[in-house]
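Next comes entry31.txt, with compact mmCIF, C-alpha atoms.
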# COMPACT_ATOMS: atom_id res chain seq x y z
CA MET T 1 0.26 -9.46 -15.21
CA ARG T 2 -2.32 -7.75 -13.04
CA TYR T 3 -2.41 -4.66 -15.26
CA SER T 4 -5.66 -3.51 -13.68
CA SER T 5 -3.87 -3.33 -10.31
CA LEU T 6 -1.14 -1.22 -11.84
CA LEU T 7 -3.74 1.05 -13.39
CA ARG T 8 -5.30 1.50 -9.95
CA VAL T 9 -1.95 2.84 -8.70
CA LEU T 10 -1.79 5.38 -11.51
CA LEU T 11 -5.47 6.30 -11.25
CA PRO T 12 -6.28 5.66 -7.61
CA SER T 13 -9.89 5.44 -6.45
CA TRP T 14 -8.91 6.30 -2.85
CA ARG T 15 -11.58 4.00 -1.45
CA PHE T 16 -9.93 2.78 1.71
CA PHE T 17 -11.59 0.15 3.90
CA ASP T 18 -15.01 0.68 2.35
CA ASP T 19 -15.44 -3.09 2.22
CA SER T 20 -16.60 -4.12 5.67
CA SER T 21 -15.38 -7.72 5.32
CA SER T 22 -12.08 -8.59 7.00
CA GLY T 23 -10.85 -10.25 3.79
CA PRO T 24 -9.70 -13.78 3.09
CA ARG T 25 -7.93 -15.86 5.73
CA LEU T 26 -5.44 -18.62 5.12
CA PHE T 27 -5.46 -22.02 6.85
CA PHE T 28 -3.19 -25.02 6.38
CA ARG T 29 -2.91 -28.59 7.61
CA THR T 30 -0.20 -31.20 7.42
CA ARG T 31 0.15 -34.96 7.48
CA GLY T 32 3.00 -37.25 8.48
CA ALA T 33 3.73 -40.25 6.30
CA ALA T 34 1.80 -40.87 3.09
CA GLY T 35 -1.47 -42.55 3.96
CA ASP T 36 -1.73 -40.85 7.38
CA ALA T 37 -4.74 -38.66 8.06
CA PHE T 38 -4.29 -34.88 7.91
CA GLY T 39 -4.15 -32.95 11.17
CA GLU T 40 -6.47 -30.11 12.11
CA TRP T 41 -6.66 -26.93 10.02
CA ARG T 42 -4.70 -24.14 11.64
CA GLU T 43 -4.69 -20.50 10.66
CA LEU T 44 -1.52 -19.06 9.26
CA ASP T 45 -0.99 -16.01 11.45
CA PRO T 46 -0.04 -13.21 9.08
CA ARG T 47 1.41 -10.97 11.78
CA PRO T 48 5.02 -10.72 12.82
CA ALA T 49 5.76 -11.81 16.39
CA ARG T 50 3.30 -9.83 18.50
CA ARG T 51 4.98 -6.89 20.14
CA ALA T 52 3.66 -3.54 21.15
CA ARG T 53 4.18 -1.11 18.29
CA GLY T 54 6.54 1.57 19.53
CA LEU T 55 7.48 4.94 18.12
CA GLY T 56 10.11 3.21 15.98
CA ALA T 57 7.37 1.48 13.99
CA LEU T 58 6.12 4.88 12.93
CA VAL T 59 9.36 5.28 11.01
CA LEU T 60 10.21 1.71 10.00
CA ASN T 61 7.88 -1.26 10.13
CA PRO T 62 9.39 -3.71 7.61
CA ARG T 63 7.96 -6.93 9.08
CA GLY T 64 4.51 -5.42 9.54
CA ASN T 65 4.40 -4.18 5.97
CA LEU T 66 5.65 -7.52 4.68
CA ALA T 67 2.79 -9.19 6.57
CA LEU T 68 0.35 -6.81 4.87
CA ALA T 69 1.90 -7.70 1.49
CA HIS T 70 1.33 -11.37 2.33
CA HIS T 71 -2.30 -10.62 3.00
CA THR T 72 -2.53 -8.81 -0.33
CA LEU T 73 -1.39 -12.07 -1.95
CA LEU T 74 -4.50 -13.75 -0.57
CA GLU T 75 -6.65 -11.01 -2.09
CA HIS T 76 -4.87 -11.47 -5.43
CA LEU T 77 -5.62 -15.20 -5.32
CA LEU T 78 -9.24 -14.47 -4.49
CA ASP T 79 -9.49 -12.06 -7.46
CA ASP T 80 -7.76 -14.54 -9.77
CA LEU T 81 -10.14 -17.31 -8.70
CA ALA T 82 -13.11 -15.08 -9.45
CA SER T 83 -11.85 -14.41 -12.95
CA LEU T 84 -10.89 -18.03 -13.68
CA ASP T 85 -12.97 -19.77 -16.32
CA PRO T 86 -14.91 -22.53 -14.47
CA ALA T 87 -14.19 -24.84 -17.42
CA HIS T 88 -10.47 -24.50 -16.64
CA ILE T 89 -10.58 -24.64 -12.86
CA ASP T 90 -7.73 -27.16 -12.92
CA ALA T 91 -5.53 -24.30 -14.11
CA VAL T 92 -5.66 -22.84 -10.61
CA GLU T 93 -2.31 -24.37 -9.65
CA SER T 94 -0.56 -22.59 -12.48
CA LEU T 95 -1.77 -19.17 -11.26
CA VAL T 96 1.08 -17.01 -10.04
CA SER T 97 -0.99 -15.99 -7.01
CA TYR T 98 -1.63 -19.66 -6.12
CA ARG T 99 2.07 -20.49 -6.33
CA LEU T 100 2.98 -17.49 -4.20
CA VAL T 101 0.45 -18.47 -1.53
CA GLN T 102 1.81 -22.02 -1.64
CA ARG T 103 5.29 -20.58 -0.95
CA LEU T 104 3.83 -18.48 1.85
CA VAL T 105 2.39 -21.58 3.53
CA ARG T 106 5.67 -23.41 3.10
CA SER T 107 7.80 -20.61 4.55
CA HIS T 108 5.50 -19.09 7.16
CA GLY T 109 3.41 -22.13 8.01
CA LEU T 110 5.72 -25.12 7.90
CA ASP T 111 9.14 -23.51 8.39
CA ALA T 112 8.04 -20.94 10.94
CA HIS T 113 6.35 -23.58 13.08
CA GLY T 114 9.17 -26.08 12.67
CA LEU T 115 6.75 -28.52 11.08
CA HIS T 116 9.00 -29.86 8.35
CA ALA T 117 10.28 -32.71 10.49
CA GLY T 118 8.02 -35.70 9.99
CA VAL T 119 5.70 -33.88 7.61
CA SER T 120 5.32 -35.36 4.15
CA ALA T 121 2.58 -33.16 2.72
CA PHE T 122 0.45 -30.10 3.33
CA GLN T 123 -2.73 -28.54 2.09
CA PHE T 124 -4.07 -25.01 2.41
CA LYS T 125 -7.42 -23.34 2.12
CA LEU T 126 -8.67 -19.81 1.64
CA ARG T 127 -11.65 -18.87 3.76
CA LEU T 128 -13.91 -15.84 3.71
CA GLU T 129 -15.14 -15.19 7.24
CA SER T 130 -18.45 -13.46 7.67
CA ASP T 131 -20.63 -12.46 10.58
CA GLU T 132 -23.53 -11.59 8.28
CA ALA T 133 -26.48 -13.98 8.40
CA GLU T 134 -27.14 -13.58 4.67
CA ALA T 135 -23.53 -14.31 3.67
CA PRO T 136 -22.13 -17.19 5.73
CA SER T 137 -18.42 -17.98 6.00
CA LEU T 138 -17.14 -19.89 3.02
CA ASP T 139 -14.10 -21.94 1.99
CA VAL T 140 -13.42 -20.50 -1.45
CA LEU T 141 -10.47 -22.75 -2.22
CA ILE T 142 -9.08 -25.99 -0.82
CA SER T 143 -5.75 -26.74 -2.45
CA SER T 144 -4.60 -30.09 -3.66
CA VAL T 145 -2.03 -31.96 -1.57
CA HIS T 146 1.52 -30.62 -1.91
CA ALA T 147 4.72 -32.31 -0.89
CA ALA T 148 6.33 -30.60 2.08
CA MET R 1 1.56 41.76 -10.47
CA PRO R 2 -0.81 41.67 -7.46
CA ALA R 3 0.74 41.17 -4.04
CA GLU R 4 -1.01 37.86 -3.59
CA ALA R 5 0.67 36.49 -6.74
CA ASP R 6 4.04 37.44 -5.27
CA THR R 7 3.13 35.55 -2.11
CA LEU R 8 2.08 32.55 -4.17
CA ALA R 9 5.30 32.71 -6.20
CA MET R 10 7.45 32.73 -3.11
CA THR R 11 5.47 29.99 -1.48
CA ALA R 12 5.45 27.80 -4.59
CA THR R 13 9.23 27.52 -4.44
CA GLN R 14 9.14 26.85 -0.72
CA ALA R 15 6.28 24.37 -1.09
CA LEU R 16 8.16 22.50 -3.79
CA ARG R 17 11.30 22.36 -1.64
CA ALA R 18 9.31 21.09 1.36
CA THR R 19 7.59 18.51 -0.85
CA ARG R 20 10.93 17.27 -2.16
CA CYS R 21 12.32 16.94 1.38
CA LEU R 22 9.30 15.01 2.70
CA LEU R 23 9.03 12.86 -0.43
CA GLY R 24 12.73 12.00 -0.28
CA LEU R 25 12.34 10.98 3.36
CA SER R 26 9.21 8.95 2.60
CA ILE R 27 10.80 7.02 -0.27
CA ALA R 28 14.05 6.50 1.64
CA LEU R 29 12.10 4.90 4.51
CA GLN R 30 10.08 2.74 2.10
CA THR R 31 13.28 1.57 0.44
CA ILE R 32 15.07 0.77 3.70
CA GLU R 33 12.03 -1.28 4.73
CA LEU R 34 12.21 -3.33 1.52
CA LEU R 35 15.96 -3.83 1.88
CA ARG R 36 15.42 -5.03 5.46
CA VAL R 37 13.14 -7.85 4.20
CA ARG R 38 15.14 -8.66 1.06
CA SER R 39 15.34 -12.34 2.02
CA ALA R 40 11.60 -12.50 1.25
CA LEU R 41 12.35 -11.21 -2.25
CA GLY R 42 15.01 -13.81 -3.05
CA GLU R 43 14.59 -17.22 -4.65
CA ARG R 44 13.98 -18.85 -1.27
CA GLY R 45 11.49 -16.21 -0.23
CA VAL R 46 7.77 -15.87 -0.89
CA PHE R 47 8.20 -13.19 -3.58
CA ALA R 48 10.65 -15.12 -5.76
CA TRP R 49 11.13 -13.58 -9.19
CA SER R 50 11.19 -17.07 -10.77
CA VAL R 51 7.47 -17.25 -9.93
CA LEU R 52 6.53 -13.58 -10.38
CA ARG R 53 8.10 -13.40 -13.85
CA ASP R 54 5.36 -15.70 -15.17
CA ASP R 55 3.02 -12.71 -14.86
CA HIS R 56 4.75 -11.35 -17.97
CA ARG R 57 4.68 -14.46 -20.15
CA GLY R 58 2.67 -12.62 -22.80
CA ALA R 59 5.05 -9.65 -23.00
CA PRO R 60 7.54 -9.22 -25.89
CA ALA R 61 10.89 -10.98 -25.36
CA LEU R 62 12.78 -7.69 -25.04
CA ILE R 63 10.55 -6.49 -22.22
CA ARG R 64 10.77 -9.85 -20.46
CA ALA R 65 14.56 -9.72 -20.69
CA ALA R 66 14.58 -6.17 -19.28
CA LEU R 67 12.28 -7.17 -16.42
CA ASP R 68 14.44 -10.22 -15.67
CA PHE R 69 17.47 -7.95 -15.47
CA LEU R 70 15.84 -5.27 -13.34
CA LEU R 71 13.51 -7.28 -11.12
CA GLY R 72 15.45 -10.51 -10.60
CA THR R 73 16.88 -10.93 -7.11
CA ARG R 74 20.20 -9.11 -7.66
CA GLY R 75 18.83 -6.58 -10.11
CA PHE R 76 16.03 -5.62 -7.74
CA VAL R 77 18.37 -5.06 -4.81
CA ALA R 78 20.51 -2.86 -7.09
CA LEU R 79 17.34 -1.02 -8.16
CA LEU R 80 16.47 -0.42 -4.51
CA ALA R 81 19.98 0.88 -3.84
CA LEU R 82 19.58 3.32 -6.74
CA GLN R 83 16.17 4.33 -5.38
CA LEU R 84 17.63 5.00 -1.93
CA ALA R 85 20.42 7.12 -3.41
CA ALA R 86 17.97 9.12 -5.55
CA ALA R 87 15.66 9.63 -2.54
CA LEU R 88 18.54 11.05 -0.54
CA VAL R 89 19.56 13.38 -3.38
CA LEU R 90 15.99 14.59 -4.07
CA PRO R 91 15.74 17.22 -1.30
CA TRP R 92 18.91 18.95 -2.53
CA SER R 93 18.37 18.94 -6.27
CA THR R 94 15.95 20.83 -8.51
CA LEU R 95 16.79 18.63 -11.50
CA SER R 96 13.74 16.79 -12.80
CA VAL R 97 15.85 13.69 -13.47
CA TRP R 98 15.68 12.60 -9.81
CA PRO R 99 11.89 12.48 -9.44
CA LEU R 100 11.77 10.74 -12.83
CA VAL R 101 14.28 8.12 -11.67
CA LEU R 102 12.21 7.60 -8.51
CA LEU R 103 8.99 7.41 -10.52
CA THR R 104 10.55 4.68 -12.67
CA THR R 105 11.90 2.65 -9.73
CA THR R 106 8.60 3.00 -7.81
CA LEU R 107 6.59 1.83 -10.82
CA LEU R 108 8.97 -1.11 -11.36
CA THR R 109 8.54 -2.04 -7.69
CA CYS R 110 4.77 -1.95 -8.15
CA ILE R 111 5.11 -4.20 -11.23
CA ARG R 112 7.21 -6.66 -9.23
CA PHE R 113 4.56 -6.84 -6.53
CA ARG R 114 1.70 -7.30 -9.01
CA GLY R 115 0.15 -3.88 -8.43
CA THR R 116 1.42 -2.40 -5.20
CA TYR R 117 3.53 -3.41 -2.25
CA ASN R 118 1.60 -1.30 0.23
CA GLY R 119 -1.61 -0.20 -1.49
CA GLY R 120 -2.58 3.44 -1.05
CA SER R 121 0.83 4.63 0.14
CA ASP R 122 2.37 3.52 -3.16
CA ALA R 123 -0.40 5.34 -5.04
CA MET R 124 0.16 8.58 -3.09
CA THR R 125 3.92 8.30 -3.56
CA ILE R 126 3.38 8.09 -7.33
CA VAL R 127 0.97 11.04 -7.27
CA VAL R 128 3.55 13.22 -5.48
CA LEU R 129 6.36 12.00 -7.74
CA LEU R 130 4.31 12.87 -10.84
CA GLY R 131 3.53 16.31 -9.42
CA VAL R 132 7.14 17.05 -8.46
CA SER R 133 8.46 15.77 -11.81
CA LEU R 134 6.08 18.14 -13.57
CA ALA R 135 6.74 21.05 -11.22
CA GLN R 136 10.50 20.81 -11.77
CA LEU R 137 10.32 20.60 -15.56
CA GLU R 138 10.51 24.35 -16.04
CA HIS R 139 12.94 24.81 -13.16
CA GLU R 140 15.82 23.49 -15.21
CA SER R 141 15.29 25.94 -18.04
CA LEU R 142 15.61 28.92 -15.68
CA GLN R 143 19.13 30.23 -15.27
CA VAL R 144 18.44 32.01 -12.02
CA ARG R 145 15.78 30.81 -9.62
CA ASP R 146 15.00 32.30 -6.26
CA ALA R 147 12.02 32.50 -3.97
CA SER R 148 10.99 35.94 -5.17
CA MET R 149 10.24 34.79 -8.71
CA ALA R 150 6.67 34.10 -9.80
CA ALA R 151 5.48 30.52 -9.77
CA THR R 152 6.03 28.83 -13.11
CA TRP R 153 3.16 27.16 -14.94
CA ALA R 154 4.82 23.83 -14.21
CA GLU R 155 4.89 24.51 -10.47
CA ARG R 156 1.25 25.55 -10.50
CA VAL R 157 0.17 22.47 -12.42
CA GLY R 158 2.44 20.00 -10.60
CA LEU R 159 1.63 21.20 -7.09
CA GLY R 160 -2.03 21.71 -8.06
CA TYR R 161 -2.23 18.09 -9.16
CA ILE R 162 -0.81 16.91 -5.83
CA ALA R 163 -3.22 19.14 -3.87
CA ALA R 164 -6.23 17.95 -5.89
CA GLN R 165 -5.34 14.27 -5.42
CA LEU R 166 -4.78 14.83 -1.70
CA VAL R 167 -8.23 16.37 -1.27
CA LEU R 168 -9.75 13.58 -3.38
CA SER R 169 -7.98 10.92 -1.31
CA TYR R 170 -9.76 11.97 1.87
CA PHE R 171 -13.07 12.90 0.26
CA MET R 172 -13.47 9.71 -1.79
CA ALA R 173 -12.52 7.58 1.20
CA GLY R 174 -15.14 9.41 3.30
CA VAL R 175 -17.89 9.10 0.71
CA ALA R 176 -17.15 5.40 0.15
CA LYS R 177 -17.45 4.76 3.91
CA LEU R 178 -20.59 6.85 4.15
CA ARG R 179 -22.19 4.67 1.49
CA THR R 180 -21.40 1.51 3.44
CA ARG R 181 -24.00 0.51 6.01
CA ALA R 182 -21.48 -1.25 8.24
CA TRP R 183 -19.52 2.01 8.56
CA ARG R 184 -22.63 4.04 9.32
CA GLU R 185 -23.52 1.56 12.05
CA GLY R 186 -19.99 1.47 13.50
CA ARG R 187 -19.54 -2.27 12.80
CA ALA R 188 -16.90 -1.83 10.07
CA LEU R 189 -14.46 -0.03 12.36
CA SER R 190 -14.49 -2.71 15.04
CA LYS R 191 -14.15 -5.37 12.35
CA LEU R 192 -11.23 -3.53 10.77
CA LEU R 193 -9.41 -3.24 14.08
CA SER R 194 -9.93 -6.91 14.87
CA ALA R 195 -8.72 -8.12 11.43
CA PRO R 196 -5.68 -10.32 12.18
CA GLN R 197 -3.47 -8.90 9.44
CA TYR R 198 -3.25 -5.50 11.16
CA GLY R 199 -2.40 -6.80 14.61
CA ALA R 200 -4.08 -3.86 16.36
CA PRO R 201 -3.31 -3.48 20.09
CA ALA R 202 -5.74 -5.50 22.23
CA THR R 203 -6.88 -2.41 24.18
CA LEU R 204 -7.96 -0.70 20.97
CA VAL R 205 -9.76 -3.82 19.74
CA ALA R 206 -11.61 -3.99 23.07
CA LEU R 207 -12.50 -0.29 22.93
CA ALA R 208 -13.79 -0.55 19.37
CA SER R 209 -15.94 -3.53 20.29
CA ARG R 210 -18.08 -1.15 22.38
CA ARG R 211 -20.83 -0.02 20.07
CA PRO R 212 -21.15 3.65 21.18
CA ILE R 213 -17.40 4.19 20.92
CA ALA R 214 -17.15 2.52 17.50
CA LEU R 215 -20.16 4.48 16.26
CA ALA R 216 -18.78 7.84 17.44
CA ALA R 217 -15.29 7.11 16.08
CA SER R 218 -16.70 5.98 12.71
CA TRP R 219 -18.75 9.16 12.28
CA LEU R 220 -15.80 11.32 13.34
CA VAL R 221 -13.64 9.70 10.66
CA MET R 222 -16.35 10.03 8.00
CA ALA R 223 -17.08 13.67 8.94
CA PHE R 224 -13.38 14.57 8.81
CA GLU R 225 -12.84 12.88 5.45
CA CYS R 226 -15.99 14.25 3.82
CA ALA R 227 -15.29 17.79 5.08
CA PHE R 228 -11.74 17.79 3.74
CA PRO R 229 -12.50 19.75 0.51
CA LEU R 230 -13.21 22.75 2.77
CA THR R 231 -9.42 23.12 3.04
CA LEU R 232 -9.51 24.63 -0.44
CA VAL R 233 -11.92 27.44 0.45
CA LEU R 234 -11.47 28.30 4.14
CA GLY R 235 -7.99 29.80 3.88
CA VAL R 236 -4.59 28.85 5.14
CA GLY R 237 -5.35 28.80 8.91
CA PRO R 238 -8.22 26.29 8.84
CA CYS R 239 -6.33 24.31 6.18
CA ALA R 240 -3.30 24.00 8.46
CA SER R 241 -5.60 22.86 11.29
CA MET R 242 -7.19 20.20 9.05
CA LEU R 243 -3.74 19.03 7.98
CA ALA R 244 -2.69 18.75 11.64
CA LEU R 245 -5.81 16.64 12.24
CA GLY R 246 -4.95 14.57 9.15
CA LEU R 247 -1.43 13.96 10.39
CA SER R 248 -2.78 12.88 13.80
CA PHE R 249 -5.19 10.54 12.00
CA HIS R 250 -2.34 8.89 10.07
CA VAL R 251 -0.13 8.62 13.16
CA PHE R 252 -3.00 6.91 14.97
CA ASN R 253 -3.47 4.53 12.02
CA ALA R 254 0.24 3.74 12.11
CA TYR R 255 -0.06 2.85 15.78
CA ALA R 256 -3.34 0.95 15.44
CA LEU R 257 -2.94 -0.77 12.07
CA GLY R 258 0.80 -0.59 11.36
CA LEU R 259 0.24 1.69 8.35
CA ASN R 260 3.36 3.80 8.92
CA ARG R 261 4.02 4.36 5.22
CA PHE R 262 0.79 6.33 4.91
CA VAL R 263 2.07 8.91 7.42
CA TRP R 264 5.05 9.89 5.28
CA ALA R 265 3.41 9.48 1.87
CA TRP R 266 0.49 11.75 2.83
CA LEU R 267 2.68 14.21 4.71
CA SER R 268 4.72 14.74 1.54
CA ALA R 269 1.57 15.98 -0.21
CA TYR R 270 0.63 18.50 2.51
CA PRO R 271 2.83 21.46 1.41
CA ALA R 272 1.09 21.52 -1.99
CA LEU R 273 -2.33 21.85 -0.37
CA LEU R 274 -1.08 24.45 2.08
CA LEU R 275 0.08 26.48 -0.92
CA TRP R 276 -3.21 26.16 -2.76
CA SER R 277 -5.25 27.04 0.32
CA GLN R 278 -3.79 30.55 -0.01
CA VAL R 279 -5.20 31.13 -3.48
CA GLU R 280 -8.28 33.33 -3.29

Would it be possible to restate this file's structure as structure tokens?
Amino acid sequence: MRYSSLLRVLLPSWRFFDDSSSGPRLFFRTRGAAGDAFGEWRELDPRPARRARGLGALVLNPRGNLALAHHTLLEHLLDDLASLDPAHIDAVESLVSYRLVQRLVRSHGLDAHGLHAGVSAFQFKLRLESDEAEAPSLDVLISSVHAA
Amino acid sequence: MPAEADTLAMTATQALRATRCLLGLSIALQTIELLRVRSALGERGVFAWSVLRDDHRGAPALIRAALDFLLGTRGFVALLALQLAAALVLPWSTLSVWPLVLLTTTLLTCIRFRGTYNGGSDAMTIVVLLGVSLAQLEHESLQVRDASMAATWAERVGLGYIAAQLVLSYFMAGVAKLRTRAWREGRALSKLLSAPQYGAPATLVALASRRPIALAASWLVMAFECAFPLTLVLGVGPCASMLALGLSFHVFNAYALGLNRFVWAWLSAYPALLLWSQVE
């Protein structure tokens, strides 16, 4: 359990957006039959179908907030990776955050793009984008190959 | 009793009633949003309890069984239905049981989502729920309660807690930005607006990519947030003006970043600060 996260809700620090990075981004790629080469990495677009936000979204924005919750999953995975003992890096696939991101790729990457047909496997990666010269963009995790 | 205490007493009751109304509305909207995306919370969705429950592997069996019952797919939908009902009752009831029920369901929702579902808005909702729960504790023991009675200690402490956290929420956010070079240089704002997860309107992204505009907007935000503690000392008029600015700020954020929950969560804390701005 991420008890520290729960503690932050009860004792909030109120530090909104003080981190100037745009956070982790999620990419995935697929392959056809076993033995085929993987296709290009494509970014999993976290947003709901792009529409102008109207006055209604001021009251109810369920899809938008779900998309933000999906992005929070990526941050959880990033935090969990940072606290993972390097000697047990193979335990990454048992992390709850890893399994949730895997489900996210399956439902919002493969299903949403209608990629299940003819796809036998997929892979995802978590990338930290940076425009700072001293901290270049970095793939912090490339998953193992998962059956589609 | 001095006249100003009478004013405070009357306003404390009104402030508490206004807080309950806005908080009930805020939580009702949050709950309807979650119910609208309940397919994502089921076993075929991303947030399947069969995965999330592994977060609690180390907990005692009794707690795990309780969490399975309350946060499994069906249990969680029932919990949300209870939360919606309690949110709708809250404006009309001075019983402390309703804010306590909502505090419990909100905390359980946070546990299900491994911390929060929507970050700061969940935290502010809990702050206001804690304050209202406390403020209404003494209410129940009073046989007769009307607006002319002096504020109870519980109302003072409960509403004072909400007001203090509200001021802190703006001030800490302002100070944290001020300490970040990218915010001082205007780069952080344009980066925030272009982050894909927020889906900001293209016109705003283009505007914020212009350095002078981003710089001016960043400093305006930081100045507003850092100056917010002045609401406690300048009196009710300037406080109301700052709160109007704050509301505009949140409405803009809802439009630009999709953060609609922040509008209602923060608005529900405003009556408490308005009350405390009258204390000399």

Original post:
If you measure from CA of Ser97 (chain T) to CA of Arg15 (chain T), what distance in Å do you get, rounded to one decimal?
Top reply: 23.3 Å

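If you measure from each of R:Glu138, R:Thr203, R:Ala61, R:Gln197 to Leu26 (chain T) using only C-alpha atoms, the closest one turns out to be R:Gln197.
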
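When CA of Val140 (chain T) is paired with CA of Leu100 (chain T), their separation reads 16.9 Å.
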
Original post:
Which residues come within 9 Å of Phe16 (chain T), counting all atoms listed in the file, excluding same-chain residues fewer than 4 positions away, as a ChimeraX atom specification?
Top reply: /R:120,169,172-174,176-177

Take every atom of region 249-259 of chain R listed in the file, fit an axis-aligned box around them, add 4 Å per side, and give the centre and edge lengths in Å to one decimal as lines of an AutoDock Vina configuration file.
center_x = -2.2
center_y = 4.9
center_z = 12.1
size_x = 14.0
size_y = 19.3
size_z = 15.4

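Atom pair CA of Ser130 (chain T) / CA of Leu6 (chain T): separated by 28.8 Å.
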
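Across R:Leu137, R:Ala66, R:Leu274, R:Ala182, the tightest approach to chain T is made by R:Ala182 when counting all atoms listed in the file.
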
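Ranking R:Val46, R:Arg38, R:Thr109, R:Gln30 by their shortest atom-to-atom distance to Leu67 (chain R), with only C-alpha atoms included, puts R:Thr109 first.
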
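For region 239-243 of chain R, the residues within 8 Å (counting all atoms listed in the file, excluding itself and residues fewer than 2 positions away along the chain) are Phe228, Leu230, Thr231, Leu232, Leu234, Gly235, Val236, Gly237, Leu245, Gly246, Leu247, Tyr270, Leu274 and Ser277 of chain R.
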
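The list of residues with at least one atom within 8 Å of region 91-100 of chain R, based on only C-alpha atoms and without residues fewer than 4 positions apart in the same chain, reads Arg17, Ala18, Arg20, Cys21, Leu22, Gly24, Ala86, Ala87, Thr104, Leu129, Leu130, Val132, Ser133, Leu134, Gln136, Leu137, His139 and Glu140 of chain R.
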
Around (1.1, -24.5, 7.9), as given in the file, which residues come within 9 Å? Count all atoms listed in the file and list them as an mmCIF file with C-alpha atoms, in the coordinates of the input.
data_model
loop_
_atom_site.group_PDB
_atom_site.id
_atom_site.type_symbol
_atom_site.label_atom_id
_atom_site.label_comp_id
_atom_site.auth_asym_id
_atom_site.auth_seq_id
_atom_site.Cartn_x
_atom_site.Cartn_y
_atom_site.Cartn_z
ATOM 1 C CA PHE T 27 -5.460 -22.020 6.850
ATOM 2 C CA PHE T 28 -3.190 -25.020 6.380
ATOM 3 C CA ARG T 29 -2.910 -28.590 7.610
ATOM 4 C CA THR T 30 -0.200 -31.200 7.420
ATOM 5 C CA TRP T 41 -6.660 -26.930 10.020
ATOM 6 C CA ARG T 42 -4.700 -24.140 11.640
ATOM 7 C CA GLU T 43 -4.690 -20.500 10.660
ATOM 8 C CA LEU T 44 -1.520 -19.060 9.260
ATOM 9 C CA LEU T 104 3.830 -18.480 1.850
ATOM 10 C CA VAL T 105 2.390 -21.580 3.530
ATOM 11 C CA ARG T 106 5.670 -23.410 3.100
ATOM 12 C CA SER T 107 7.800 -20.610 4.550
ATOM 13 C CA HIS T 108 5.500 -19.090 7.160
ATOM 14 C CA GLY T 109 3.410 -22.130 8.010
ATOM 15 C CA LEU T 110 5.720 -25.120 7.900
ATOM 16 C CA ASP T 111 9.140 -23.510 8.390
ATOM 17 C CA ALA T 112 8.040 -20.940 10.940
ATOM 18 C CA HIS T 113 6.350 -23.580 13.080
ATOM 19 C CA LEU T 115 6.750 -28.520 11.080
ATOM 20 C CA PHE T 122 0.450 -30.100 3.330
ATOM 21 C CA GLN T 123 -2.730 -28.540 2.090
ATOM 22 C CA PHE T 124 -4.070 -25.010 2.410
#

Subject >> Leu11 (chain T) environment, 12 Å, only C-alpha atoms, sequence neighbours closer than 2 positions dropped, as number ranges by chain >> reply: T: 4-9, 13-15; R: 115, 120, 122-124, 126-127, 130, 165, 168-169

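Minimum atom-to-atom distances from R:Leu25, R:Val101, R:Leu41, R:Leu88 to Phe76 (chain R) were compared using all atoms listed in the file, and the lowest value belongs to R:Leu41.
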
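The nearest approach to chain T among the residues R:Ile63, R:Leu275, R:Ala135, R:Ala48, with all atoms listed in the file taken into account, belongs to R:Ala48.
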